[in-house]
$ cat upload-v2.txt   # compact mmCIF, C-alpha atoms
# COMPACT_ATOMS: atom_id res chain seq x y z
CA MET A 19 26.44 20.73 -5.43
CA GLY A 20 26.12 17.48 -7.35
CA TYR A 21 22.70 16.94 -8.90
CA SER A 22 20.89 14.53 -11.19
CA ARG A 23 17.21 14.79 -12.14
CA ALA A 24 17.08 11.01 -11.71
CA VAL A 25 19.39 8.13 -10.91
CA VAL A 26 18.78 4.53 -11.97
CA LYS A 27 20.35 1.74 -9.91
CA GLY A 28 19.33 -1.76 -10.89
CA GLY A 29 15.54 -1.93 -10.84
CA TRP A 30 15.24 1.38 -8.98
CA CYS A 31 14.73 4.92 -10.28
CA PHE A 32 15.14 7.78 -7.83
CA VAL A 33 13.67 11.03 -9.16
CA SER A 34 14.89 14.18 -7.43
CA GLY A 35 12.52 16.68 -5.92
CA THR A 36 10.71 18.31 -8.84
CA THR A 37 9.06 21.71 -8.65
CA GLY A 38 6.27 23.19 -10.74
CA TYR A 39 8.23 25.05 -13.42
CA ASP A 40 7.14 24.71 -17.01
CA TYR A 41 10.63 23.88 -18.27
CA GLU A 42 9.80 24.88 -21.86
CA THR A 43 8.99 28.47 -20.82
CA MET A 44 10.82 28.52 -17.45
CA ARG A 45 7.69 30.01 -15.92
CA MET A 46 6.12 29.07 -12.63
CA PRO A 47 2.31 29.12 -12.52
CA ALA A 48 0.78 31.04 -9.62
CA ALA A 49 -1.69 28.27 -8.70
CA ALA A 50 -0.42 25.34 -6.64
CA ALA A 51 -2.60 22.89 -8.62
CA GLU A 52 -0.94 23.94 -11.88
CA GLN A 53 2.47 23.67 -10.25
CA ALA A 54 1.57 20.13 -9.18
CA ARG A 55 0.54 19.26 -12.76
CA ASN A 56 3.88 20.56 -14.02
CA CYS A 57 5.70 18.48 -11.39
CA PHE A 58 4.04 15.32 -12.63
CA GLY A 59 4.56 16.22 -16.30
CA THR A 60 8.29 16.47 -15.64
CA ILE A 61 8.36 13.31 -13.53
CA TRP A 62 6.44 11.31 -16.16
CA ARG A 63 8.93 12.40 -18.87
CA VAL A 64 11.93 11.53 -16.69
CA LEU A 65 10.52 8.12 -15.82
CA ALA A 66 9.89 7.36 -19.50
CA GLU A 67 13.43 8.42 -20.44
CA ALA A 68 14.75 6.09 -17.74
CA GLY A 69 12.63 3.16 -18.98
CA PHE A 70 10.07 3.28 -16.18
CA ALA A 71 6.31 3.83 -16.12
CA PRO A 72 4.22 5.80 -13.63
CA GLU A 73 2.85 2.47 -12.38
CA ASP A 74 6.37 1.64 -11.19
CA ILE A 75 6.22 4.41 -8.56
CA VAL A 76 6.39 2.88 -5.09
CA ARG A 77 7.12 5.96 -2.97
CA VAL A 78 6.34 9.68 -3.16
CA GLN A 79 7.21 12.62 -0.95
CA TYR A 80 5.37 15.90 -1.30
CA THR A 81 6.73 19.10 0.18
CA VAL A 82 4.12 21.85 0.33
CA THR A 83 4.84 25.36 1.62
CA ASP A 84 1.47 25.82 3.36
CA ARG A 85 -1.03 23.28 4.65
CA ALA A 86 -3.81 25.48 3.22
CA LEU A 87 -2.66 24.33 -0.25
CA VAL A 88 -3.41 20.67 0.44
CA GLU A 89 -7.08 21.02 -0.50
CA GLU A 90 -6.12 22.67 -3.81
CA ILE A 91 -3.55 20.06 -4.83
CA THR A 92 -5.35 16.90 -3.63
CA PRO A 93 -7.41 16.47 -6.85
CA VAL A 94 -4.21 16.69 -8.91
CA LEU A 95 -2.44 14.15 -6.70
CA ASP A 96 -5.43 11.84 -7.07
CA GLU A 97 -5.45 12.36 -10.85
CA TYR A 98 -1.84 11.25 -11.19
CA LEU A 99 -1.36 8.77 -8.34
CA GLY A 100 -4.86 7.78 -7.22
CA THR A 101 -4.78 4.38 -8.91
CA ILE A 102 -1.05 3.80 -8.32
CA ARG A 103 -1.35 4.40 -4.56
CA PRO A 104 2.36 4.57 -3.61
CA ALA A 105 3.59 4.89 -0.05
CA ALA A 106 3.46 8.64 0.59
CA THR A 107 4.68 11.36 2.90
CA MET A 108 3.62 15.01 2.90
CA VAL A 109 5.78 17.60 4.58
CA ILE A 110 4.96 21.26 5.17
CA GLY A 111 8.15 23.25 4.72
CA GLY A 112 10.00 25.96 2.87
CA LEU A 113 11.34 25.62 -0.67
CA ILE A 114 14.31 27.31 -2.35
CA GLN A 115 12.40 30.01 -4.26
CA PRO A 116 9.42 31.99 -2.91
CA GLU A 117 7.22 31.22 -5.93
CA MET A 118 7.55 27.45 -5.36
CA GLN A 119 4.57 25.98 -3.55
CA ILE A 120 5.06 22.24 -4.08
CA GLU A 121 7.91 19.83 -4.74
CA VAL A 122 7.39 16.14 -5.56
CA GLU A 123 10.02 13.40 -5.25
CA VAL A 124 9.35 9.82 -6.36
CA THR A 125 11.01 6.44 -6.24
CA ALA A 126 10.10 3.81 -8.81
CA PHE A 127 10.91 0.10 -8.88
CA LYS A 128 10.77 -2.51 -11.62
CA GLY A 129 11.27 -5.95 -10.19
$ encode --input "upload-v2.txt" --output "structure tokens"
Amino acid sequence: MGYSRAVVKGGWCFVSGTTGYDYETMRMPAAAAEQARNCFGTIWRVLAEAGFAPEDIVRVQYTVTDRALVEEITPVLDEYLGTIRPAATMVIGGLIQPEMQIEVEVTAFKG
């Protein structure tokens, strides 16, 4: 399949769904909160490489494998996006690998 971590079109940056791997070690933490932190670490790096800032995020979609995880990840989501307050959707669904508990996709706009 075709895949890009992010695509920039004009003032838009579309960041693909990002899971909680630590890409330096290729390890997945067991805790959903740590996975969420890793998601945002990756997303922040990708945005910077593309010339965007976290404050440019206008939309986020979270996919979580179990609604019981929402309470665990909410403080992390607030830590990273609480002041940005993008339009958001949270979906409960399956992910590609069984160790994945959260995936985060963002859209950023500079206009």
$ closest_residue --input "upload-v2.txt" --among "A:Gly35, A:Pro93, A:Pro104, A:Gly28" --to "Tyr80 of chain A" --atoms "all atoms listed in the file"
A:Gly35
$ closest_residue --input "upload-v2.txt" --among "A:Ile102, A:Cys57, A:Met108, A:Met46" --to "Val76 of chain A" --atoms "only C-alpha atoms"
A:Ile102
$ closest_residue --input "upload-v2.txt" --among "A:Glu121, A:Asp96, A:Glu73, A:Glu67" --to "Ala50 of chain A" --atoms "only C-alpha atoms"
A:Glu121
$ atom_distance --input "upload-v2.txt" --atom1 "atom CA of Trp30 of chain A" --atom2 "atom CA of Thr125 of chain A"
7.1 Å
$ residues_near_point --input "upload-v2.txt" --point "(5.5, 12.4, -12.3)" --cutoff "9 Å" --atoms "all atoms listed in the file" --output "VMD selection string"
chain A and resid 33 36 55 to 65 72 75 98 to 99 122 to 124
$ closest_residue --input "upload-v2.txt" --among "A:Thr92, A:Ala105, A:Ala126, A:Thr83" --to "Ser34 of chain A" --atoms "all atoms listed in the file"
A:Ala126
$ atom_distance --input "upload-v2.txt" --atom1 "atom CA of Asp74 of chain A" --atom2 "atom CA of Ile120 of chain A"
21.8 Å
$ closest_residue --input "upload-v2.txt" --among "A:Glu52, A:Phe32, A:Arg45, A:Ala66" --to "Gln79 of chain A" --atoms "all atoms listed in the file"
A:Phe32
$ residues_around --input "upload-v2.txt" --residues "Met118 of chain A" --least-positions-apart "4" --cutoff "9 Å" --atoms "all atoms listed in the file" --output "list in words"
Thr37, Gly38, Tyr39, Met46, Ala48, Ala50, Gln53, Val82, Thr83, Gly112, Leu113 and Ile114 of chain A
$ write_last_selection --input "upload-v2.txt" --atoms "C-alpha atoms" --output "mmCIF file, in the frame of the given file"
data_model
loop_
_atom_site.group_PDB
_atom_site.id
_atom_site.type_symbol
_atom_site.label_atom_id
_atom_site.label_comp_id
_atom_site.auth_asym_id
_atom_site.auth_seq_id
_atom_site.Cartn_x
_atom_site.Cartn_y
_atom_site.Cartn_z
ATOM 1 C CA THR A 37 9.060 21.710 -8.650
ATOM 2 C CA GLY A 38 6.270 23.190 -10.740
ATOM 3 C CA TYR A 39 8.230 25.050 -13.420
ATOM 4 C CA MET A 46 6.120 29.070 -12.630
ATOM 5 C CA ALA A 48 0.780 31.040 -9.620
ATOM 6 C CA ALA A 50 -0.420 25.340 -6.640
ATOM 7 C CA GLN A 53 2.470 23.670 -10.250
ATOM 8 C CA VAL A 82 4.120 21.850 0.330
ATOM 9 C CA THR A 83 4.840 25.360 1.620
ATOM 10 C CA GLY A 112 10.000 25.960 2.870
ATOM 11 C CA LEU A 113 11.340 25.620 -0.670
ATOM 12 C CA ILE A 114 14.310 27.310 -2.350
#
$ atom_distance --input "upload-v2.txt" --atom1 "atom CA of Ala71 of chain A" --atom2 "atom CA of Asp40 of chain A"
20.9 Å
$ closest_residue --input "upload-v2.txt" --among "A:Ala24, A:Ala68, A:Ala49, A:Thr81" --to "Thr107 of chain A" --atoms "all atoms listed in the file"
A:Thr81
$ axis_aligned_box --input "upload-v2.txt" --around "segment 102-110 of chain A" --padding-each-side "8 Å" --output "AutoDock Vina command-line options"
--center_x 2.2 --center_y 12.5 --center_z -1.6 --size_x 23.1 --size_y 33.5 --size_z 29.5
$ build_atoms --input "upload-v2.txt" --residues "segment 46-73 of chain A" --atoms "N, CA and C atoms" --output "PDB file, in the frame of the given file"
ATOM      1  N   MET A  46       6.765  29.754 -13.741  1.00  0.00           N
ATOM      2  CA  MET A  46       6.120  29.070 -12.630  1.00  0.00           C
ATOM      3  C   MET A  46       4.683  29.566 -12.544  1.00  0.00           C
ATOM      4  N   PRO A  47       3.696  28.681 -12.676  1.00  0.00           N
ATOM      5  CA  PRO A  47       2.310  29.120 -12.520  1.00  0.00           C
ATOM      6  C   PRO A  47       2.074  29.624 -11.097  1.00  0.00           C
ATOM      7  N   ALA A  48       1.108  30.515 -10.943  1.00  0.00           N
ATOM      8  CA  ALA A  48       0.780  31.040  -9.620  1.00  0.00           C
ATOM      9  C   ALA A  48       0.013  30.014  -8.789  1.00  0.00           C
ATOM     10  N   ALA A  49      -0.821  29.213  -9.422  1.00  0.00           N
ATOM     11  CA  ALA A  49      -1.690  28.270  -8.700  1.00  0.00           C
ATOM     12  C   ALA A  49      -0.925  26.994  -8.344  1.00  0.00           C
ATOM     13  N   ALA A  50      -1.092  26.552  -7.110  1.00  0.00           N
ATOM     14  CA  ALA A  50      -0.420  25.340  -6.640  1.00  0.00           C
ATOM     15  C   ALA A  50      -0.851  24.110  -7.439  1.00  0.00           C
ATOM     16  N   ALA A  51      -2.122  24.043  -7.836  1.00  0.00           N
ATOM     17  CA  ALA A  51      -2.600  22.890  -8.620  1.00  0.00           C
ATOM     18  C   ALA A  51      -1.873  22.814  -9.955  1.00  0.00           C
ATOM     19  N   GLU A  52      -1.657  23.937 -10.603  1.00  0.00           N
ATOM     20  CA  GLU A  52      -0.940  23.940 -11.880  1.00  0.00           C
ATOM     21  C   GLU A  52       0.540  23.603 -11.671  1.00  0.00           C
ATOM     22  N   GLN A  53       1.098  24.057 -10.567  1.00  0.00           N
ATOM     23  CA  GLN A  53       2.470  23.670 -10.250  1.00  0.00           C
ATOM     24  C   GLN A  53       2.555  22.161 -10.077  1.00  0.00           C
ATOM     25  N   ALA A  54       1.579  21.578  -9.388  1.00  0.00           N
ATOM     26  CA  ALA A  54       1.570  20.130  -9.180  1.00  0.00           C
ATOM     27  C   ALA A  54       1.485  19.398 -10.519  1.00  0.00           C
ATOM     28  N   ARG A  55       0.637  19.876 -11.425  1.00  0.00           N
ATOM     29  CA  ARG A  55       0.540  19.260 -12.760  1.00  0.00           C
ATOM     30  C   ARG A  55       1.891  19.312 -13.483  1.00  0.00           C
ATOM     31  N   ASN A  56       2.563  20.438 -13.390  1.00  0.00           N
ATOM     32  CA  ASN A  56       3.880  20.560 -14.020  1.00  0.00           C
ATOM     33  C   ASN A  56       4.883  19.594 -13.388  1.00  0.00           C
ATOM     34  N   CYS A  57       4.818  19.441 -12.062  1.00  0.00           N
ATOM     35  CA  CYS A  57       5.700  18.480 -11.390  1.00  0.00           C
ATOM     36  C   CYS A  57       5.536  17.101 -12.008  1.00  0.00           C
ATOM     37  N   PHE A  58       4.283  16.659 -12.114  1.00  0.00           N
ATOM     38  CA  PHE A  58       4.040  15.320 -12.630  1.00  0.00           C
ATOM     39  C   PHE A  58       4.370  15.204 -14.115  1.00  0.00           C
ATOM     40  N   GLY A  59       4.154  16.255 -14.892  1.00  0.00           N
ATOM     41  CA  GLY A  59       4.560  16.220 -16.300  1.00  0.00           C
ATOM     42  C   GLY A  59       6.047  15.971 -16.432  1.00  0.00           C
ATOM     43  N   THR A  60       6.836  16.661 -15.622  1.00  0.00           N
ATOM     44  CA  THR A  60       8.290  16.470 -15.640  1.00  0.00           C
ATOM     45  C   THR A  60       8.652  15.069 -15.173  1.00  0.00           C
ATOM     46  N   ILE A  61       8.051  14.639 -14.073  1.00  0.00           N
ATOM     47  CA  ILE A  61       8.360  13.310 -13.530  1.00  0.00           C
ATOM     48  C   ILE A  61       8.001  12.215 -14.524  1.00  0.00           C
ATOM     49  N   TRP A  62       6.858  12.324 -15.183  1.00  0.00           N
ATOM     50  CA  TRP A  62       6.440  11.310 -16.160  1.00  0.00           C
ATOM     51  C   TRP A  62       7.458  11.229 -17.308  1.00  0.00           C
ATOM     52  N   ARG A  63       7.937  12.391 -17.789  1.00  0.00           N
ATOM     53  CA  ARG A  63       8.930  12.400 -18.870  1.00  0.00           C
ATOM     54  C   ARG A  63      10.244  11.753 -18.419  1.00  0.00           C
ATOM     55  N   VAL A  64      10.679  12.087 -17.207  1.00  0.00           N
ATOM     56  CA  VAL A  64      11.930  11.530 -16.690  1.00  0.00           C
ATOM     57  C   VAL A  64      11.821  10.017 -16.521  1.00  0.00           C
ATOM     58  N   LEU A  65      10.709   9.562 -15.974  1.00  0.00           N
ATOM     59  CA  LEU A  65      10.520   8.120 -15.820  1.00  0.00           C
ATOM     60  C   LEU A  65      10.571   7.418 -17.175  1.00  0.00           C
ATOM     61  N   ALA A  66       9.894   7.972 -18.168  1.00  0.00           N
ATOM     62  CA  ALA A  66       9.890   7.360 -19.500  1.00  0.00           C
ATOM     63  C   ALA A  66      11.297   7.306 -20.079  1.00  0.00           C
ATOM     64  N   GLU A  67      12.051   8.399 -19.937  1.00  0.00           N
ATOM     65  CA  GLU A  67      13.430   8.420 -20.440  1.00  0.00           C
ATOM     66  C   GLU A  67      14.298   7.369 -19.762  1.00  0.00           C
ATOM     67  N   ALA A  68      13.975   7.063 -18.508  1.00  0.00           N
ATOM     68  CA  ALA A  68      14.750   6.090 -17.740  1.00  0.00           C
ATOM     69  C   ALA A  68      14.245   4.662 -17.934  1.00  0.00           C
ATOM     70  N   GLY A  69      13.164   4.496 -18.729  1.00  0.00           N
ATOM     71  CA  GLY A  69      12.630   3.160 -18.980  1.00  0.00           C
ATOM     72  C   GLY A  69      11.640   2.684 -17.937  1.00  0.00           C
ATOM     73  N   PHE A  70      11.050   3.612 -17.206  1.00  0.00           N
ATOM     74  CA  PHE A  70      10.070   3.280 -16.180  1.00  0.00           C
ATOM     75  C   PHE A  70       8.713   3.850 -16.567  1.00  0.00           C
ATOM     76  N   ALA A  71       7.678   3.353 -15.918  1.00  0.00           N
ATOM     77  CA  ALA A  71       6.310   3.830 -16.120  1.00  0.00           C
ATOM     78  C   ALA A  71       5.798   4.410 -14.807  1.00  0.00           C
ATOM     79  N   PRO A  72       4.798   5.278 -14.869  1.00  0.00           N
ATOM     80  CA  PRO A  72       4.220   5.800 -13.630  1.00  0.00           C
ATOM     81  C   PRO A  72       3.775   4.693 -12.667  1.00  0.00           C
ATOM     82  N   GLU A  73       3.301   3.583 -13.229  1.00  0.00           N
ATOM     83  CA  GLU A  73       2.850   2.470 -12.380  1.00  0.00           C
ATOM     84  C   GLU A  73       3.976   1.832 -11.584  1.00  0.00           C
TER      85      GLU A  73
END
